[in-house]
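Enquirer: This is the structure I have questions about; it appears just below.
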Amino acid sequence: MMKSALIMSSTFIRFIVLADDKSSVFLNEAIRLWPDNILNRMSLDLRPISFPGDGHHDYWKTLFKLCSSERLFLPSLLEEVDSVLYMDVDTVFLTSPLRVWQHLGEMNEMQMVALAPEKQDYVDGWYSAFAKHPYYGKFGVNAGVMLMNLTKMRQFGWEKYILGVYEQYKTRIVWGDQDLINIVFHFHPEKLYVYPCNYNYIAHQCSETSLCKEAEQQGIYVLHGNTEAFLNDRQPAFKAVYTSIQKHSFGDNLQMLLDNMKENLMKTSNTSCGKVMNSLSKLLIET
């Protein structure tokens with residue numbers, strides 16, 4: 001995710017990473033190999049994993065995937081920060097991060113978080129078909145690309161509210177922190193800003209047919225390889241994009257990355273997502 005953000009942006013980026021000791025060592029070793037011109041336009045603030053002292057530390061740590069519930073407590077963990085763009089580790093930018101960040105200015109005075117929708121389909125939408133708890137809207141929202149006005153969240157009393165939601169629904173949730181977030185915005189929809197599906201493009205948007213019209217018209221802004229789509233062979237098109245970015249050298253230009261990405265995607269044209277992504281008029285969107 002960090003590499004793609006730097007590839008797609010020419011502006012300075014401040015990264016705040018909450019990680020355990022092992023992950024911190026791995027990240028530092030990887031970044032140390034990056035060229036100086038890249039390191040000069042970024043900062044890295046590594047912080048230890050921390051959870052509230054409510055007696056549920058071990059549960060929060062493993063609520064879904066390791067440490068994913070950290071996002072629930074950013075208002076207090078980052079008490080000096082006004083706003084932040086939280087990104088799941090299995091995401092890559094295909095446009096400048098500023099395109100996502102600019103939505104902070106689009107929020108009204110009530111809205112404190114921006115999220116994209118989950119799969120928008122009554123037949124296969126997970127929340128509409130299987131959820132045993134309240135969720136946002138018709139299909140729920142995905143928490144992988146979460147733009148947060150932390151100041152507004154503190155004023156709302158976000159963390160106290162989350163703890164109450166957890167106590168009430170803990171036996172009915174499946175997707176951990178994302179379910180808790182959906183429950184909050186079911187009861188407070190006025191607090192949520194929803195940006196289009198191409199800001200958090202997941203495999204469900206193309207696994208059977210194309211469900212994200214904004215991606216067809218404008219391209220994909222953030223690709224989200226949830227369910228390990230970047231690593232396994234169930235979604236070859238997602239893996240092709242991720243591999244292209246992974247192998248890209250900072251010294252090479254965007255056209256080289258685009259050419260390699262198109263070449264790799266062509267090999268996946270026999271898959272549903274491959275057909276959809278090969279048909280997009282834009283793959284990398286410069287701003």
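A note on labels: chains of the structure tokens are A, B, ... as shown, every chain counts residues from 1, and ligands are counted from 1 in their shown order.
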Which residues in range 61-192 of chain A does DSSP call strand (DSSP E)? List them as a VMD selection string.

Expert: chain A and resid 83 to 87 91 to 93 113 to 117 141 to 149 192

Enquirer: Pick out the residues sitting within 8 Å of range 179-192 of chain A, and hand them over as a list in words; count only C-alpha atoms, and ignore anything fewer than 6 positions along from it in its own chain.

Expert: Met110, Gln111, Met112, Val113, Ala114, Leu115, His133, Pro134, Tyr135, Tyr136, Gly137, Gly140, Val141, Ala143, Tyr161, Ile162, Val165, Tyr166 and Ile173 of chain A

Enquirer: If we count only C-alpha atoms and set the cut-off at 6 Å, which residues sit around range 3-6 of chain A, ignoring sequence neighbours fewer than 2 positions away in its own chain? Please answer as a list in words.

Expert: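 Answer for this query is Met1, Met8, Ser9, Val92 and Phe93 of chain A.
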
Enquirer: Extract, using only C-alpha atoms, all DNA, RNA and protein residues at most 9 Å from Asn226 in chain A, discarding same-chain residues fewer than 3 positions from it, and format them as a PyMOL selection string.

Expert: chain A and resi 88+90-91+144+202-203+229-230

Enquirer: Can you pull out every residue from range 44-252 of chain A that DSSP, working from the backbone, puts in helix (DSSP H, G or I), and format the result as a ChimeraX atom specification?

Expert: /A:57-61,68-77,97-106,126-130,150-156,158-169,177-187,189-191,197-199,203-205,213-218,236-247

Enquirer: Need the shell around Met261 in chain A: protein/DNA/RNA residues with any atom at most 9 Å away, counting only C-alpha atoms. Skip same-chain ones fewer than 6 positions apart. Format as a PyMOL selection string?

Expert: chain A and resi 240-245+283

Enquirer: Filtering to all heavy atoms, could you give me those residues as a tab-separated table (two decimals), in the first residue's frame?

Expert:
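Written output follows (again-v9.tsv):
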chain	number	residue	atom	x	y	z
A	240	ALA	N	-2.55	-9.94	-10.52
A	240	ALA	CA	-1.75	-9.37	-11.61
A	240	ALA	C	-1.43	-7.90	-11.35
A	240	ALA	O	-0.29	-7.46	-11.57
A	240	ALA	CB	-2.50	-9.52	-12.93
A	241	VAL	N	-2.41	-7.14	-10.89
A	241	VAL	CA	-2.18	-5.72	-10.59
A	241	VAL	C	-1.21	-5.58	-9.42
A	241	VAL	O	-0.26	-4.79	-9.47
A	241	VAL	CB	-3.52	-5.01	-10.28
A	241	VAL	CG1	-3.27	-3.59	-9.77
A	241	VAL	CG2	-4.41	-4.99	-11.51
A	242	TYR	N	-1.45	-6.34	-8.38
A	242	TYR	CA	-0.59	-6.28	-7.19
A	242	TYR	C	0.85	-6.65	-7.54
A	242	TYR	O	1.80	-5.97	-7.14
A	242	TYR	CB	-1.13	-7.21	-6.11
A	242	TYR	CG	-0.23	-7.34	-4.91
A	242	TYR	CD1	-0.15	-6.33	-3.96
A	242	TYR	CD2	0.57	-8.48	-4.73
A	242	TYR	CE1	0.67	-6.44	-2.85
A	242	TYR	CE2	1.41	-8.60	-3.63
A	242	TYR	CZ	1.45	-7.58	-2.70
A	242	TYR	OH	2.28	-7.69	-1.62
A	243	THR	N	1.03	-7.72	-8.30
A	243	THR	CA	2.37	-8.17	-8.68
A	243	THR	C	3.09	-7.13	-9.52
A	243	THR	O	4.30	-6.92	-9.37
A	243	THR	CB	2.29	-9.51	-9.43
A	243	THR	OG1	1.63	-10.47	-8.61
A	243	THR	CG2	3.67	-10.01	-9.80
A	244	SER	N	2.35	-6.46	-10.41
A	244	SER	CA	2.95	-5.40	-11.24
A	244	SER	C	3.50	-4.28	-10.39
A	244	SER	O	4.61	-3.78	-10.63
A	244	SER	CB	1.91	-4.86	-12.23
A	244	SER	OG	1.44	-5.87	-13.09
A	245	ILE	N	2.76	-3.88	-9.37
A	245	ILE	CA	3.21	-2.81	-8.47
A	245	ILE	C	4.37	-3.31	-7.60
A	245	ILE	O	5.35	-2.60	-7.38
A	245	ILE	CB	2.05	-2.32	-7.59
A	245	ILE	CG1	1.01	-1.63	-8.47
A	245	ILE	CG2	2.54	-1.38	-6.50
A	245	ILE	CD1	-0.26	-1.25	-7.75
A	283	LEU	N	-6.48	2.55	-16.27
A	283	LEU	CA	-6.00	1.67	-15.20
A	283	LEU	C	-5.27	2.46	-14.12
A	283	LEU	O	-5.49	2.25	-12.93
A	283	LEU	CB	-5.07	0.60	-15.78
A	283	LEU	CG	-5.72	-0.71	-16.22
A	283	LEU	CD1	-4.69	-1.63	-16.84
A	283	LEU	CD2	-6.41	-1.39	-15.05

Enquirer: Identify, on the basis of only C-alpha atoms, every residue whose closest approach to range 30-40 of chain A does not exceed 12 Å; exclude the query and any residue fewer than 6 positions from it along the same chain; express the result as a list in words.

Expert: Met2, Lys3, Ser4, Ala5, Leu6, Ile7, Met8, Ser9, Ser10, Thr11, Phe12, Ile13, Arg14, Phe15, Ser23, Ser24, His248, Ser249, Phe250 and Gly251 of chain A

Enquirer: Next, dump the selected residues to file, keeping only N, CA, C and O atoms, as a CSV table (one decimal), in the first residue's frame.

Expert:
chain,number,residue,atom,x,y,z
A,2,MET,N,1.9,1.3,0.9
A,2,MET,CA,2.7,2.5,1.0
A,2,MET,C,3.5,2.7,-0.3
A,2,MET,O,3.6,3.9,-0.8
A,3,LYS,N,4.0,1.7,-1.0
A,3,LYS,CA,4.7,1.8,-2.2
A,3,LYS,C,3.8,2.4,-3.3
A,3,LYS,O,4.2,3.3,-4.0
A,4,SER,N,2.6,1.9,-3.4
A,4,SER,CA,1.6,2.4,-4.4
A,4,SER,C,1.3,3.8,-4.2
A,4,SER,O,1.1,4.6,-5.1
A,5,ALA,N,1.1,4.2,-2.9
A,5,ALA,CA,0.8,5.6,-2.6
A,5,ALA,C,1.9,6.6,-3.1
A,5,ALA,O,1.7,7.6,-3.6
A,6,LEU,N,3.2,6.1,-2.9
A,6,LEU,CA,4.3,7.0,-3.3
A,6,LEU,C,4.5,7.0,-4.8
A,6,LEU,O,4.9,8.0,-5.4
A,7,ILE,N,4.2,5.9,-5.5
A,7,ILE,CA,4.3,5.8,-6.9
A,7,ILE,C,3.3,6.7,-7.6
A,7,ILE,O,3.6,7.4,-8.5
A,8,MET,N,2.1,6.8,-7.0
A,8,MET,CA,1.0,7.5,-7.6
A,8,MET,C,0.9,9.0,-7.1
A,8,MET,O,0.0,9.7,-7.6
A,9,SER,N,1.8,9.4,-6.3
A,9,SER,CA,1.7,10.8,-5.8
A,9,SER,C,3.1,11.4,-5.8
A,9,SER,O,4.1,10.8,-5.7
A,10,SER,N,3.1,12.7,-6.0
A,10,SER,CA,4.4,13.5,-6.0
A,10,SER,C,4.5,14.4,-4.8
A,10,SER,O,5.4,15.1,-4.6
A,11,THR,N,3.5,14.3,-3.9
A,11,THR,CA,3.4,15.2,-2.7
A,11,THR,C,4.0,14.4,-1.5
A,11,THR,O,4.1,13.2,-1.5
A,12,PHE,N,4.3,15.1,-0.5
A,12,PHE,CA,4.8,14.5,0.7
A,12,PHE,C,3.7,13.8,1.4
A,12,PHE,O,2.5,14.2,1.5
A,13,ILE,N,4.0,12.6,1.9
A,13,ILE,CA,3.0,11.8,2.6
A,13,ILE,C,3.5,11.4,4.0
A,13,ILE,O,4.7,10.9,4.2
A,14,ARG,N,2.7,11.6,5.0
A,14,ARG,CA,3.0,11.1,6.4
A,14,ARG,C,2.3,9.8,6.6
A,14,ARG,O,1.1,9.7,6.6
A,15,PHE,N,3.1,8.8,6.9
A,15,PHE,CA,2.5,7.5,7.2
A,15,PHE,C,2.6,7.2,8.7
A,15,PHE,O,3.6,7.5,9.3
A,23,SER,N,6.7,-7.0,12.7
A,23,SER,CA,6.3,-6.3,11.5
A,23,SER,C,7.1,-5.0,11.3
A,23,SER,O,7.4,-4.6,10.2
A,24,SER,N,7.3,-4.3,12.5
A,24,SER,CA,8.1,-3.1,12.4
A,24,SER,C,9.5,-3.3,11.9
A,24,SER,O,10.0,-2.5,11.1
A,248,HIS,N,7.5,-3.2,-9.6
A,248,HIS,CA,7.9,-1.9,-10.2
A,248,HIS,C,9.0,-1.3,-9.4
A,248,HIS,O,9.0,-1.3,-8.2
A,249,SER,N,10.0,-0.7,-10.1
A,249,SER,CA,11.1,0.0,-9.5
A,249,SER,C,10.7,1.5,-9.4
A,249,SER,O,10.2,2.0,-10.4
A,250,PHE,N,11.1,2.1,-8.3
A,250,PHE,CA,10.8,3.6,-8.2
A,250,PHE,C,11.4,4.4,-9.3
A,250,PHE,O,10.8,5.5,-9.6
A,251,GLY,N,12.4,4.0,-9.8
A,251,GLY,CA,13.1,4.8,-10.9
A,251,GLY,C,12.4,4.7,-12.2
A,251,GLY,O,12.7,5.5,-13.1

Enquirer: For Arg47 in chain A, please output as a PyMOL selection string all residues within 7 Å (counting only C-alpha atoms; exclusion window: fewer than 3 positions along the same chain).

Expert: chain A and resi 17-19

Enquirer: Taking into account only C-alpha atoms, which residue in the set A:Ser96, A:Ser83, A:Gln102, A:Asn142 is nearest to Gln178 in chain A?

Expert: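 Of the candidates, the smallest distance to Gln178 in chain A is held by A:Asn142.
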
Enquirer: Return the single residue from A:Lys160, A:His204, A:Thr171, A:Leu94 that is closest to Thr227 in chain A, with distances computed using only C-alpha atoms.

Expert: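 Of A:Lys160, A:His204, A:Thr171, A:Leu94, the one nearest Thr227 in chain A is A:His204, counting only C-alpha atoms.
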